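J.: Pasting run.txt below, which is compact mmCIF, C-alpha atoms and all ligand atoms.
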```
# COMPACT_ATOMS: atom_id res chain seq x y z
CA PRO W 1 -49.45 -59.02 2.21
CA GLN W 2 -50.51 -56.68 5.02
CA THR W 3 -48.01 -58.24 7.46
CA GLY W 4 -47.31 -55.09 9.49
CA ARG W 5 -50.91 -53.89 9.79
CA LEU W 6 -52.12 -57.31 10.95
CA ALA W 7 -49.22 -57.62 13.39
CA LEU W 8 -49.98 -54.19 14.92
CA TYR W 9 -53.67 -55.09 15.13
CA LEU W 10 -52.91 -58.34 16.95
CA LEU W 11 -50.57 -56.54 19.37
CA ALA W 12 -53.34 -54.03 20.05
CA LEU W 13 -55.95 -56.78 20.60
CA ARG W 14 -53.72 -58.44 23.21
CA ALA W 15 -52.92 -55.09 24.84
CA THR W 16 -56.61 -54.26 25.21
CA CYS W 17 -57.30 -57.65 26.82
CA LEU W 18 -59.93 -58.82 24.34
CA PRO W 19 -60.84 -62.53 24.77
CA ALA W 20 -58.42 -64.84 22.93
CA ARG W 21 -61.19 -66.57 20.95
CA SER W 22 -61.41 -63.70 18.48
CA HIS W 23 -57.66 -63.83 17.75
CA ARG W 24 -57.33 -67.37 16.43
CA THR W 25 -58.20 -66.79 12.78
CA LEU W 26 -56.07 -63.67 12.71
CA VAL W 27 -53.07 -65.53 14.12
CA THR W 28 -53.47 -68.14 11.35
CA TRP W 29 -53.61 -65.35 8.77
CA LEU W 30 -50.47 -63.75 10.15
CA LYS W 31 -48.59 -67.08 9.94
CA HIS W 32 -49.76 -67.32 6.34
CA TYR W 33 -48.62 -63.74 5.58
CA LEU W 34 -45.13 -64.49 6.93
CA GLU W 35 -44.88 -67.28 4.31
CA GLU W 36 -46.28 -65.09 1.51
CA ASP W 37 -44.26 -62.01 2.43
CA TRP W 38 -40.94 -63.33 1.10
CA ILE W 39 -39.25 -63.43 -2.26
CA GLY W 40 -36.21 -65.58 -3.07
CA SER W 41 -34.34 -68.14 -0.97
CA TRP W 42 -33.99 -67.75 2.80
CA GLN W 43 -30.36 -66.65 2.40
CA ASP W 44 -30.63 -64.23 -0.51
CA GLY W 45 -34.30 -63.28 -0.47
CA HIS W 46 -36.05 -60.40 1.27
CA PRO W 47 -39.56 -59.54 2.51
CA LEU W 48 -41.93 -58.09 -0.06
CA THR W 49 -42.97 -55.49 2.52
CA SER W 50 -39.92 -54.73 4.72
CA TYR W 51 -37.86 -56.27 7.52
CA TYR W 52 -39.66 -53.85 9.85
CA GLN W 53 -43.04 -55.43 9.00
CA TYR W 54 -41.58 -58.95 8.97
CA GLY W 55 -40.11 -58.37 12.45
CA LEU W 56 -43.45 -56.98 13.69
CA GLY W 57 -45.13 -60.18 12.42
CA VAL W 58 -42.80 -62.45 14.41
CA LEU W 59 -43.09 -60.19 17.48
CA ALA W 60 -46.91 -60.26 17.38
CA LEU W 61 -47.03 -64.07 17.09
CA CYS W 62 -44.61 -64.38 20.01
CA VAL W 63 -46.60 -61.95 22.17
CA HIS W 64 -49.60 -64.24 21.51
CA HIS W 65 -47.45 -67.20 22.70
CA LYS W 66 -47.50 -68.75 19.24
CA ARG W 67 -44.60 -70.74 17.83
CA VAL W 68 -42.97 -69.44 14.67
CA ARG W 69 -41.51 -71.79 12.04
CA GLU W 70 -37.70 -71.93 12.37
CA GLY W 71 -37.24 -71.05 8.68
CA VAL W 72 -39.06 -67.75 9.23
CA ILE W 73 -36.82 -66.89 12.21
CA ARG W 74 -33.70 -67.88 10.20
CA ARG W 75 -34.60 -65.30 7.54
CA LEU W 76 -34.37 -62.55 10.14
CA LEU W 77 -31.20 -64.00 11.67
CA THR W 78 -29.52 -64.10 8.25
CA ALA W 79 -30.57 -60.50 7.53
CA GLN W 80 -29.07 -59.41 10.85
CA ASN W 81 -25.84 -61.36 10.17
CA TYR W 82 -25.40 -59.76 6.76
CA GLY W 83 -26.30 -56.23 7.92
CA ARG W 84 -29.44 -56.07 5.79
CA LEU W 85 -31.78 -54.66 8.44
CA GLY W 86 -31.16 -50.96 7.87
CA HIS W 87 -31.76 -48.65 4.94
CA HIS W 88 -31.36 -44.87 5.07
CA GLY W 89 -31.24 -44.39 8.81
CA SER W 90 -34.14 -46.77 9.50
CA LEU W 91 -31.61 -49.13 11.10
CA VAL W 92 -32.67 -48.21 14.63
CA ASP W 93 -36.42 -48.71 14.04
CA THR W 94 -36.02 -51.97 12.10
CA GLY W 95 -33.18 -53.32 14.23
CA ALA W 96 -35.16 -52.63 17.40
CA VAL W 97 -38.30 -54.42 16.15
CA VAL W 98 -36.19 -57.45 15.21
CA ALA W 99 -34.27 -57.39 18.52
CA LEU W 100 -37.59 -57.30 20.43
CA ALA W 101 -38.89 -60.24 18.37
CA PHE W 102 -35.69 -62.26 19.07
CA THR W 103 -35.79 -61.42 22.79
CA CYS W 104 -39.45 -62.40 23.02
CA LEU W 105 -38.88 -65.80 21.35
CA GLU W 106 -35.92 -66.47 23.61
CA GLN W 107 -37.50 -65.32 26.88
CA ARG W 108 -40.85 -67.05 26.23
CA LYS W 109 -38.98 -70.28 25.43
CA LEU W 110 -40.78 -70.66 22.11
CA VAL W 111 -37.63 -72.09 20.45
CA GLY W 112 -35.11 -74.84 21.23
CA THR W 113 -32.01 -74.17 23.38
CA ASN W 114 -29.54 -73.80 20.50
CA LEU W 115 -31.67 -71.36 18.52
CA ALA W 116 -32.47 -69.47 21.75
CA ALA W 117 -28.74 -68.98 22.33
CA GLU W 118 -28.30 -67.67 18.76
CA LEU W 119 -31.21 -65.28 19.17
CA GLN W 120 -29.81 -63.96 22.43
CA VAL W 121 -26.45 -63.22 20.84
CA ALA W 122 -28.10 -61.57 17.81
CA ALA W 123 -30.33 -59.37 20.02
CA ARG W 124 -27.25 -58.31 22.03
CA ILE W 125 -25.39 -57.33 18.86
CA ILE W 126 -28.33 -55.24 17.63
CA ARG W 127 -28.65 -53.64 21.07
CA TRP W 128 -24.95 -52.74 20.93
CA ASP W 129 -25.20 -51.37 17.36
CA ILE W 130 -28.19 -49.24 18.37
CA ALA W 131 -26.43 -47.88 21.46
CA GLU W 132 -23.46 -46.89 19.27
CA LEU W 133 -25.78 -44.56 17.33
CA GLN W 134 -26.65 -42.46 20.40
CA GLY W 135 -25.73 -38.80 19.98
CA SER W 136 -24.38 -36.49 22.68
CA ASP W 137 -27.97 -35.14 23.00
CA GLY W 138 -29.19 -38.62 24.03
CA ILE W 139 -31.13 -39.15 20.80
CA ILE W 140 -30.67 -42.55 19.14
CA GLY W 141 -31.09 -42.34 15.35
CA ASN W 142 -33.64 -39.55 15.40
CA ILE W 143 -36.27 -38.54 17.96
CA TYR W 144 -38.84 -40.97 16.45
CA SER W 145 -36.55 -44.00 16.58
CA THR W 146 -35.42 -43.25 20.15
CA PRO W 147 -38.57 -44.86 21.74
CA TRP W 148 -37.90 -48.10 19.80
CA ALA W 149 -34.27 -48.11 20.98
CA LEU W 150 -35.37 -47.59 24.59
CA GLN W 151 -37.86 -50.47 24.25
CA VAL W 152 -34.89 -52.71 23.41
CA PHE W 153 -32.95 -51.51 26.47
CA LEU W 154 -36.02 -52.19 28.64
CA ALA W 155 -36.66 -55.64 27.17
CA THR W 156 -33.04 -56.75 27.45
CA GLY W 157 -32.76 -55.42 31.00
CA SER W 158 -29.99 -52.89 30.53
CA CYS W 159 -31.38 -49.69 32.02
CA HIS W 160 -29.06 -48.76 34.89
CA PRO W 161 -28.94 -45.06 35.82
CA GLU W 162 -26.46 -42.84 33.96
CA SER W 163 -26.70 -45.28 31.09
CA GLU W 164 -27.77 -44.88 27.48
CA PHE W 165 -31.32 -45.48 28.70
CA SER W 166 -31.48 -42.50 31.04
CA ARG W 167 -29.92 -40.19 28.48
CA GLY W 168 -32.38 -41.38 25.83
CA MET W 169 -35.31 -40.94 28.24
CA ALA W 170 -34.19 -37.39 29.09
CA ALA W 171 -34.08 -36.60 25.35
CA LEU W 172 -37.62 -37.96 24.92
CA LEU W 173 -38.98 -35.91 27.83
CA GLU W 174 -37.43 -32.78 26.35
CA ASN W 175 -39.05 -33.42 22.95
CA LEU W 176 -42.47 -34.85 23.82
CA GLU W 177 -44.26 -32.27 21.67
CA ALA W 178 -42.76 -34.01 18.59
CA PHE W 179 -45.09 -37.00 19.14
CA GLY W 180 -48.35 -35.71 17.71
CA THR W 181 -49.71 -38.55 15.53
CA ALA W 182 -51.42 -41.74 16.74
CA ALA W 183 -48.62 -43.82 15.21
CA THR W 184 -45.76 -42.00 16.94
CA MET W 185 -47.66 -41.83 20.26
CA ALA W 186 -48.22 -45.61 20.18
CA GLN W 187 -44.45 -46.09 19.95
CA VAL W 188 -43.48 -43.66 22.72
CA LEU W 189 -46.23 -44.27 25.34
CA PRO W 190 -45.08 -47.70 26.61
CA VAL W 191 -41.55 -46.36 27.15
CA LEU W 192 -42.81 -43.41 29.20
CA HIS W 193 -44.38 -46.03 31.52
CA GLY W 194 -41.16 -48.05 31.62
CA ARG W 195 -42.58 -50.79 29.38
CA SER W 196 -41.85 -52.38 26.01
CA TYR W 197 -44.16 -54.22 23.59
CA LEU W 198 -42.81 -57.45 25.17
CA ASP W 199 -44.70 -56.67 28.36
CA ILE W 200 -47.98 -57.10 26.48
CA ALA W 201 -47.28 -60.87 26.58
CA SER W 202 -47.42 -61.02 30.38
CA MET W 203 -49.95 -58.27 31.08
CA PRO W 204 -52.53 -59.22 33.73
CA CYS W 205 -55.97 -58.56 32.26
CA ARG W 206 -57.80 -57.15 35.25
CA GLU W 207 -60.80 -54.90 35.19
CA GLU W 208 -59.32 -51.42 34.90
CA PRO W 209 -61.14 -48.12 35.39
CA ASP W 210 -61.28 -46.32 32.08
CA THR W 211 -59.11 -43.35 32.93
CA LEU W 212 -58.32 -42.31 29.38
CA THR W 213 -59.78 -38.98 28.41
CA PRO W 214 -59.57 -37.61 24.88
CA LEU W 215 -57.29 -34.60 24.59
CA ASP W 216 -58.49 -31.48 22.92
CA MET W 217 -55.58 -30.92 20.56
CA GLU W 218 -55.23 -27.25 19.84
CA PRO W 219 -54.58 -26.38 16.20
CA PRO W 220 -51.22 -24.61 15.75
CA ALA W 221 -51.52 -20.89 16.41
CA GLU W 222 -52.11 -18.78 13.33
CA VAL W 223 -49.07 -16.63 12.66
CA PRO W 224 -50.01 -13.37 10.94
CA GLY W 225 -48.40 -12.52 7.61
CA ASN W 226 -46.97 -14.51 4.73
CA LYS W 227 -43.82 -16.38 3.76
CA THR W 228 -42.29 -17.62 0.54
CA VAL W 229 -40.92 -21.14 0.13
CA GLN W 230 -38.83 -22.25 -2.85
CA LEU W 231 -40.29 -25.55 -4.07
CA VAL W 232 -38.00 -27.84 -6.07
CA VAL W 233 -39.00 -31.17 -7.62
CA GLU W 234 -36.21 -33.51 -8.70
CA CYS W 235 -36.07 -36.88 -10.44
CA PRO W 236 -32.52 -38.30 -10.47
CA LEU W 237 -33.71 -41.76 -11.58
CA PRO W 238 -32.43 -42.98 -14.98
CA TRP W 239 -35.85 -42.99 -16.65
CA CYS W 240 -36.54 -39.29 -16.02
CA TYR W 241 -35.79 -37.04 -18.96
CA GLU W 242 -34.53 -34.23 -16.74
CA LEU W 243 -33.25 -33.88 -13.16
CA ARG W 244 -34.97 -30.66 -12.07
CA LEU W 245 -38.64 -30.78 -13.01
CA TYR W 246 -39.87 -27.77 -11.02
CA ASP W 247 -38.21 -24.84 -9.24
CA ARG W 248 -40.44 -21.93 -8.21
CA PRO W 249 -41.18 -19.65 -5.26
CA VAL W 250 -44.53 -20.39 -3.60
CA PRO W 251 -46.16 -17.67 -1.44
CA VAL W 252 -48.16 -19.07 1.54
CA PRO W 253 -49.55 -17.89 4.92
CA ALA W 254 -46.82 -17.76 7.59
CA SER W 255 -48.17 -20.79 9.50
CA ALA W 256 -48.40 -23.10 6.44
CA SER W 257 -47.01 -26.65 6.57
CA LEU W 258 -45.30 -28.32 3.61
CA LEU W 259 -48.72 -29.76 2.77
CA GLY W 260 -50.04 -26.17 2.67
CA VAL W 261 -47.13 -25.19 0.37
CA LEU W 262 -48.01 -28.08 -1.96
CA GLN W 263 -51.69 -27.08 -1.97
CA ALA W 264 -50.73 -23.51 -2.89
CA ALA W 265 -48.33 -24.76 -5.58
CA ALA W 266 -51.05 -26.98 -7.06
CA ALA W 267 -53.13 -23.83 -7.65
CA LEU W 268 -50.24 -21.66 -8.83
CA GLU W 269 -50.91 -20.21 -12.30
CA PRO W 270 -49.49 -20.44 -14.92
CA HIS W 271 -47.16 -23.18 -13.51
CA PRO W 272 -49.13 -25.44 -11.17
CA CYS W 273 -47.45 -28.37 -9.38
CA PRO W 274 -50.15 -31.01 -8.85
CA PHE W 275 -49.63 -33.77 -6.23
CA ARG W 276 -51.42 -36.64 -4.52
CA THR W 277 -51.27 -38.14 -1.04
CA GLN W 278 -52.50 -41.26 0.70
CA GLU W 279 -53.79 -41.28 4.30
CA THR W 280 -51.70 -43.38 6.73
CA PRO W 281 -51.48 -43.62 10.55
CA HIS W 282 -48.49 -41.26 10.29
CA GLY W 283 -50.52 -38.67 8.36
CA PRO W 284 -50.67 -37.98 4.60
CA PHE W 285 -47.98 -39.84 2.61
CA LEU W 286 -46.87 -38.14 -0.61
CA THR W 287 -47.43 -40.53 -3.54
CA GLN W 288 -47.47 -38.43 -6.70
CA VAL W 289 -45.92 -35.13 -7.86
CA LEU W 290 -46.33 -33.55 -11.31
CA GLY W 291 -48.13 -36.69 -12.45
CA LEU W 292 -45.13 -38.88 -11.52
CA GLU W 293 -46.16 -41.68 -9.23
CA ALA W 294 -43.69 -43.25 -6.79
CA ARG W 295 -44.01 -47.01 -7.22
CA PRO W 296 -43.55 -49.00 -4.00
CA GLU W 297 -43.10 -52.23 -5.99
CA LYS W 298 -40.09 -50.58 -7.67
CA ARG W 299 -38.95 -49.42 -4.20
CA ASN W 300 -39.17 -45.73 -5.00
CA TYR W 301 -40.79 -42.93 -3.03
CA TRP W 302 -41.02 -39.15 -2.92
CA ARG W 303 -38.47 -37.98 -0.39
CA PRO W 304 -39.06 -34.49 1.10
CA MET W 305 -35.82 -32.71 1.93
CA ALA W 306 -34.75 -29.29 3.20
CA ALA W 307 -31.75 -27.40 1.83
CA VAL W 308 -30.01 -26.19 4.98
CA SER W 309 -27.18 -24.62 2.93
CA PRO W 310 -26.48 -24.52 -0.83
CA GLN W 311 -24.33 -27.68 -0.42
CA THR W 312 -26.32 -29.56 2.20
CA VAL W 313 -29.77 -31.09 1.91
CA VAL W 314 -31.28 -33.16 4.73
CA PRO W 315 -34.32 -35.44 4.55
CA LEU W 316 -37.22 -34.27 6.73
CA SER W 317 -37.81 -36.33 9.85
CA THR W 318 -41.56 -35.65 9.83
CA GLY W 319 -44.33 -35.98 7.30
CA ILE W 320 -45.45 -33.24 4.92
CA ALA W 321 -48.40 -32.23 7.13
CA ASP W 322 -46.21 -31.78 10.23
CA TYR W 323 -43.29 -29.88 8.70
CA ARG W 324 -43.54 -26.08 8.89
CA PRO W 325 -40.93 -24.42 6.65
CA LYS W 326 -39.38 -21.05 7.46
CA ASP W 327 -39.66 -17.97 5.27
CA GLY W 328 -37.17 -18.23 2.39
CA GLU W 329 -36.51 -21.96 2.92
CA THR W 330 -35.85 -24.25 -0.06
CA LEU W 331 -37.69 -27.58 0.01
CA ILE W 332 -36.86 -30.40 -2.38
CA LEU W 333 -39.12 -33.32 -3.30
CA ARG W 334 -36.82 -35.97 -4.76
CA LEU W 335 -37.98 -39.21 -6.31
CA SER W 336 -35.67 -41.67 -4.52
CA GLU W 337 -35.05 -45.36 -4.03
CA TRP W 338 -34.93 -47.15 -0.72
C1 LIG B 401 -40.37 -48.46 6.11
C2 LIG B 401 -40.51 -46.98 6.37
C3 LIG B 401 -40.55 -46.13 5.28
C4 LIG B 401 -40.61 -46.63 3.83
C5 LIG B 401 -42.07 -47.10 3.56
C6 LIG B 401 -42.25 -47.95 2.33
C7 LIG B 401 -42.35 -49.44 2.59
N1 LIG B 401 -42.84 -50.16 1.64
O1 LIG B 401 -42.02 -49.98 3.61
C8 LIG B 401 -40.18 -45.35 3.05
C9 LIG B 401 -38.68 -45.41 2.76
C10 LIG B 401 -40.91 -45.07 1.75
C11 LIG B 401 -40.44 -44.25 4.09
C12 LIG B 401 -40.54 -42.91 3.73
C13 LIG B 401 -40.59 -41.88 4.66
N2 LIG B 401 -40.55 -42.00 6.00
CO1 LIG B 401 -40.69 -43.69 6.94
N3 LIG B 401 -40.63 -45.22 8.00
C14 LIG B 401 -40.60 -46.49 7.70
C15 LIG B 401 -40.56 -47.34 9.00
C16 LIG B 401 -39.10 -47.81 9.22
C17 LIG B 401 -41.53 -48.52 9.03
C18 LIG B 401 -42.98 -48.16 8.61
C19 LIG B 401 -43.86 -49.38 8.64
O2 LIG B 401 -43.72 -50.27 7.82
N4 LIG B 401 -44.76 -49.46 9.62
C20 LIG B 401 -45.63 -50.61 9.77
C21 LIG B 401 -46.88 -50.43 8.93
C22 LIG B 401 -47.82 -51.59 9.09
O3 LIG B 401 -47.53 -49.27 9.43
P1 LIG B 401 -48.10 -48.15 8.42
O4 LIG B 401 -48.35 -46.95 9.22
O5 LIG B 401 -49.14 -48.72 7.58
O6 LIG B 401 -46.78 -47.87 7.49
C23 LIG B 401 -46.91 -47.34 6.19
C24 LIG B 401 -47.04 -45.82 6.16
O7 LIG B 401 -46.92 -45.27 7.44
C25 LIG B 401 -45.98 -45.35 5.20
N5 LIG B 401 -44.94 -44.48 5.81
C26 LIG B 401 -43.67 -44.82 6.07
N6 LIG B 401 -43.00 -43.80 6.55
C27 LIG B 401 -43.86 -42.76 6.59
C28 LIG B 401 -43.65 -41.46 7.01
C29 LIG B 401 -44.72 -40.55 6.97
C30 LIG B 401 -44.49 -39.17 7.45
C31 LIG B 401 -45.99 -40.97 6.48
C32 LIG B 401 -47.11 -40.01 6.41
C33 LIG B 401 -46.19 -42.30 6.07
C34 LIG B 401 -45.12 -43.17 6.13
O8 LIG B 401 -45.34 -46.50 4.68
C35 LIG B 401 -45.55 -47.60 5.55
C36 LIG B 401 -45.49 -48.89 4.76
O9 LIG B 401 -46.50 -48.93 3.79
C37 LIG B 401 -41.00 -46.27 10.07
C38 LIG B 401 -40.45 -46.54 11.46
C39 LIG B 401 -41.42 -46.29 12.60
N7 LIG B 401 -40.86 -46.11 13.77
O10 LIG B 401 -42.62 -46.28 12.49
C40 LIG B 401 -40.48 -44.97 9.40
C41 LIG B 401 -41.15 -43.65 9.76
C42 LIG B 401 -42.64 -43.85 9.89
N8 LIG B 401 -40.84 -42.79 8.58
C43 LIG B 401 -40.58 -41.57 8.88
C44 LIG B 401 -40.29 -40.52 7.95
C45 LIG B 401 -39.92 -39.18 8.52
C46 LIG B 401 -40.35 -40.76 6.56
C47 LIG B 401 -40.12 -39.70 5.45
C48 LIG B 401 -40.84 -38.36 5.66
C49 LIG B 401 -38.61 -39.52 5.33
C50 LIG B 401 -38.19 -38.61 4.19
N9 LIG B 401 -37.81 -37.39 4.50
O11 LIG B 401 -38.21 -39.03 3.06
C51 LIG B 401 -40.68 -40.46 4.19
C52 LIG B 401 -42.15 -40.15 3.81
C53 LIG B 401 -42.20 -39.31 2.60
C54 LIG B 401 -43.55 -39.19 1.92
N10 LIG B 401 -43.58 -39.60 0.67
O12 LIG B 401 -44.51 -38.71 2.46
C55 LIG B 401 -40.69 -41.32 10.38
C56 LIG B 401 -42.03 -40.62 10.72
C57 LIG B 401 -41.89 -39.62 11.83
C58 LIG B 401 -43.18 -38.89 12.08
N11 LIG B 401 -43.07 -37.71 12.58
O13 LIG B 401 -44.26 -39.36 11.87
C59 LIG B 401 -40.52 -42.80 10.92
C60 LIG B 401 -41.17 -43.01 12.29
C61 LIG B 401 -38.99 -43.07 10.99
C62 LIG B 401 -38.22 -42.24 11.98
N12 LIG B 401 -37.71 -42.85 13.02
O14 LIG B 401 -38.06 -41.06 11.78
N13 LIG B 401 -40.54 -44.76 5.34
```
Output the file's structure in the form of structure tokens.

T.:
Amino acid sequence: PQTGRLALYLLALRATCLPARSHRTLVTWLKHYLEEDWIGSWQDGHPLTSYYQYGLGVLALCVHHKRVREGVIRRLLTAQNYGRLGHHGSLVDTGAVVALAFTCLEQRKLVGTNLAAELQVAARIIRWDIAELQGSDGIIGNIYSTPWALQVFLATGSCHPESEFSRGMAALLENLEAFGTAATMAQVLPVLHGRSYLDIASMPCREEPDTLTPLDMEPPAEVPGNKTVQLVVECPLPWCYELRLYDRPVPVPASASLLGVLQAAAALEPHPCPFRTQETPHGPFLTQVLGLEARPEKRNYWRPMAAVSPQTVVPLSTGIADYRPKDGETLILRLSEW
């Protein structure tokens, strides 16, 4: 089920003040998706998509002032209790979405008093866990999860000066150029205006002058010359016959992104490295390398990583189209599980 996409669409409809009539069928669909998007019992099961999308679904219904079945809310509460919300550093993003959903249900009084009290406690715990992850540079998780964390601070009313909020905001303002895709901009913009997605629920829909003007985004400056990137493809999963499937230097123009490196490698004779991508709101998502397809239903994906030293590899925090490797850098595409 397309739980997350529909949830984001409904949030956007409310935020753009479109008349409520058009939302009704979609709200019914989203309620239906939240039932479909689950496998197993409410204690031991999990969403077919992800807790991030499941949380977005509950948040969108709440922002539309719709009640959510208690069983659906309990699934999220149980996941939070058992620490199942985070995988590979996505704890901040997912935790924040769920904390916003809990806070919305509680503040909008869409649940009974006892459940409201439970939700308030759970949201506070998530808020605390998130704050614990703040680095000395103010960043919470990474730069792209920081806006979600700040939305939680805003929604739960804990933004006093000199706090985690101000340090996080300072970090965002220093790194604004990192937010270049529609998806990342949509997550950071409300925070820059001191708002969270919860505020969509109480937004007055007045006639507003259309002050938005499209920006002419300049393409990154062409850097003269060339660079060479070492491209490594690895498959550590049990069903692969060999760990290292590809390991070759790829010459590219100096301004090339990882996508550019892959395009050059795909045409490299006599050892080409073919690949495929899928368009998403975050940019192109790598789906296939050397004919090996990452299967979401088996919870695997191609994970781009950079070798910062012979012993240390770190996953990239941007997509393949946004990452610009340095001359001599080693980049690893590893078929991984989440
Ligand atoms: C869940 C998730 C994943 C899952 C998605 C699979 C699944 N079935 O859920 C997995 C683990 C595969 C994943 C992978 C990656 N992710 Co991710 N992911 C998320 C998360 C937590 C939620 C996305 C979501 O469900 N959105 C809701 C749905 C409705 O929107 P959607 O746009 O349709 O989402 C789909 C695609 O966007 C795609 N997707 C997920 N992540 C990424 C990242 C990139 C760069 C692209 C192009 C697509 C993509 O999968 C989503 C589910 O189908 C977001 C958090 C966030 N703040 O947005 C991070 C996030 C989008 N991911 C991020 C990153 C960096 C990655 C990786 C590059 C990490 C890595 N080095 O391996 C890889 C992508 C590698 C590739 N093959 O191209 C960043 C993107 C930053 C940016 N500059 O745009 C985010 C914002 C996390 C963060 N705080 O850093 N991710």

J.: Taking all atoms listed in the file into account, name the residue in W:Val250, W:Cys17, W:Ala7, W:Cys235 that is nearest to Trp29 in chain W.

T.: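 Using all atoms listed in the file, the shortest distance to Trp29 in chain W belongs to W:Ala7.
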
J.: Using all atoms listed in the file, which residue out of W:Trp38, W:Tyr323, W:Phe275, W:Tyr52 lies closest to ligand LIG 401 (chain B)?

T.: W:Tyr52

J.: Rank nothing, just name the residue among W:Pro281, W:Pro238, W:Pro310, W:Pro204 nearest to ligand LIG 401 (chain B), using all atoms listed in the file.

T.: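 Of W:Pro281, W:Pro238, W:Pro310, W:Pro204, the one nearest ligand LIG 401 (chain B), counting all atoms listed in the file, is W:Pro281.
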
J.: My list of candidates is W:Glu329, W:Asp199, W:Asp129, W:Glu177. Which is closest to ligand LIG 401 (chain B) when distances are computed with all atoms listed in the file?

T.: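 Closest residue, counting all atoms listed in the file: W:Glu177.
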
J.: Between W:Tyr33, W:Trp302, W:Trp239, W:Phe102, single out the one closest to ligand LIG 401 (chain B), counting only C-alpha atoms and all ligand atoms.

T.: W:Trp302

J.: Within 6 Å of ligand LIG 401 (chain B), which residues of chain W show up? Give each one with its shortest atom-to-atom distance in Å (one decimal) and the two atoms involved, counting only C-alpha atoms and all ligand atoms, rows by chain then rising residue number, as a Markdown table.

T.:
```
| residue | atom | partner | partner_atom | distance |
| --- | --- | --- | --- | --- |
| W:Gly4 | CA | B:LIG401 | C22 | 3.6 |
| W:Arg5 | CA | B:LIG401 | C22 | 3.9 |
| W:Thr49 | CA | B:LIG401 | N1 | 5.4 |
| W:Ser50 | CA | B:LIG401 | O1 | 5.3 |
| W:Tyr52 | CA | B:LIG401 | C17 | 5.7 |
| W:Gln53 | CA | B:LIG401 | O2 | 5.3 |
| W:Ser90 | CA | B:LIG401 | C16 | 5.1 |
| W:Asp93 | CA | B:LIG401 | N7 | 5.2 |
| W:Thr94 | CA | B:LIG401 | C16 | 5.9 |
| W:Asn142 | CA | B:LIG401 | N12 | 5.8 |
| W:Tyr144 | CA | B:LIG401 | N12 | 4.1 |
| W:Ser145 | CA | B:LIG401 | N12 | 3.9 |
| W:Thr184 | CA | B:LIG401 | O13 | 5.9 |
| W:Thr280 | CA | B:LIG401 | O7 | 5.2 |
| W:Pro281 | CA | B:LIG401 | O4 | 4.8 |
| W:His282 | CA | B:LIG401 | C32 | 4.3 |
| W:Gly283 | CA | B:LIG401 | C32 | 4.2 |
| W:Pro284 | CA | B:LIG401 | C32 | 4.5 |
| W:Phe285 | CA | B:LIG401 | O12 | 3.7 |
| W:Leu286 | CA | B:LIG401 | N10 | 3.8 |
| W:Thr287 | CA | B:LIG401 | N10 | 5.8 |
| W:Pro296 | CA | B:LIG401 | N1 | 5.8 |
| W:Tyr301 | CA | B:LIG401 | C10 | 5.2 |
| W:Trp302 | CA | B:LIG401 | N10 | 4.4 |
| W:Arg303 | CA | B:LIG401 | O11 | 3.6 |
| W:Pro304 | CA | B:LIG401 | N9 | 4.6 |
| W:Met305 | CA | B:LIG401 | N9 | 5.7 |
| W:Pro315 | CA | B:LIG401 | N9 | 4.0 |
| W:Leu316 | CA | B:LIG401 | N9 | 3.9 |
| W:Ser317 | CA | B:LIG401 | C45 | 3.8 |
| W:Thr318 | CA | B:LIG401 | N11 | 3.8 |
| W:Gly319 | CA | B:LIG401 | C30 | 3.2 |
| W:Trp338 | CA | B:LIG401 | C9 | 5.4 |
```

J.: Please provide the set of residues having any atom within 8 Å of Ala307 in chain W, restricted to all atoms listed in the file, with same-chain residues fewer than 2 positions apart removed, written as a list of chain:residue names.

T.: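 Close residues of Ala307 in chain W: W:Met305, W:Ser309, W:Pro310, W:Gln311, W:Thr312, W:Val313, W:Val314, W:Glu329, W:Thr330, W:Leu331, W:Ile332.
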
J.: Please produce a file of the residues just selected, as a PDB file, in the coordinates of the input, where the atoms kept are C-alpha atoms.

T.:
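Wrote it out as again04.pdb, contents follow:
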```
ATOM      1  CA  MET W 305     -35.820 -32.710   1.930  1.00  0.00           C
ATOM      2  CA  SER W 309     -27.180 -24.620   2.930  1.00  0.00           C
ATOM      3  CA  PRO W 310     -26.480 -24.520  -0.830  1.00  0.00           C
ATOM      4  CA  GLN W 311     -24.330 -27.680  -0.420  1.00  0.00           C
ATOM      5  CA  THR W 312     -26.320 -29.560   2.200  1.00  0.00           C
ATOM      6  CA  VAL W 313     -29.770 -31.090   1.910  1.00  0.00           C
ATOM      7  CA  VAL W 314     -31.280 -33.160   4.730  1.00  0.00           C
ATOM      8  CA  GLU W 329     -36.510 -21.960   2.920  1.00  0.00           C
ATOM      9  CA  THR W 330     -35.850 -24.250  -0.060  1.00  0.00           C
ATOM     10  CA  LEU W 331     -37.690 -27.580   0.010  1.00  0.00           C
ATOM     11  CA  ILE W 332     -36.860 -30.400  -2.380  1.00  0.00           C
TER      12      ILE W 332
END
```

J.: May I ask which of the residues W:Thr213, W:Thr103, W:Thr228, W:Gln263 is the closest one to Ser196 in chain W, counting only C-alpha atoms?

T.: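 Ranked by minimum distance to Ser196 in chain W, first place goes to W:Thr103.
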
J.: Listed atoms of range 7-25 of chain W, axis-aligned box, 6 Å per side: centre and edge lengths to one decimal in Å, as AutoDock Vina command-line options?

T.:
```
--center_x -55.3 --center_y -60.7 --center_z 19.8 --size_x 24.2 --size_y 25.3 --size_z 26.0
```
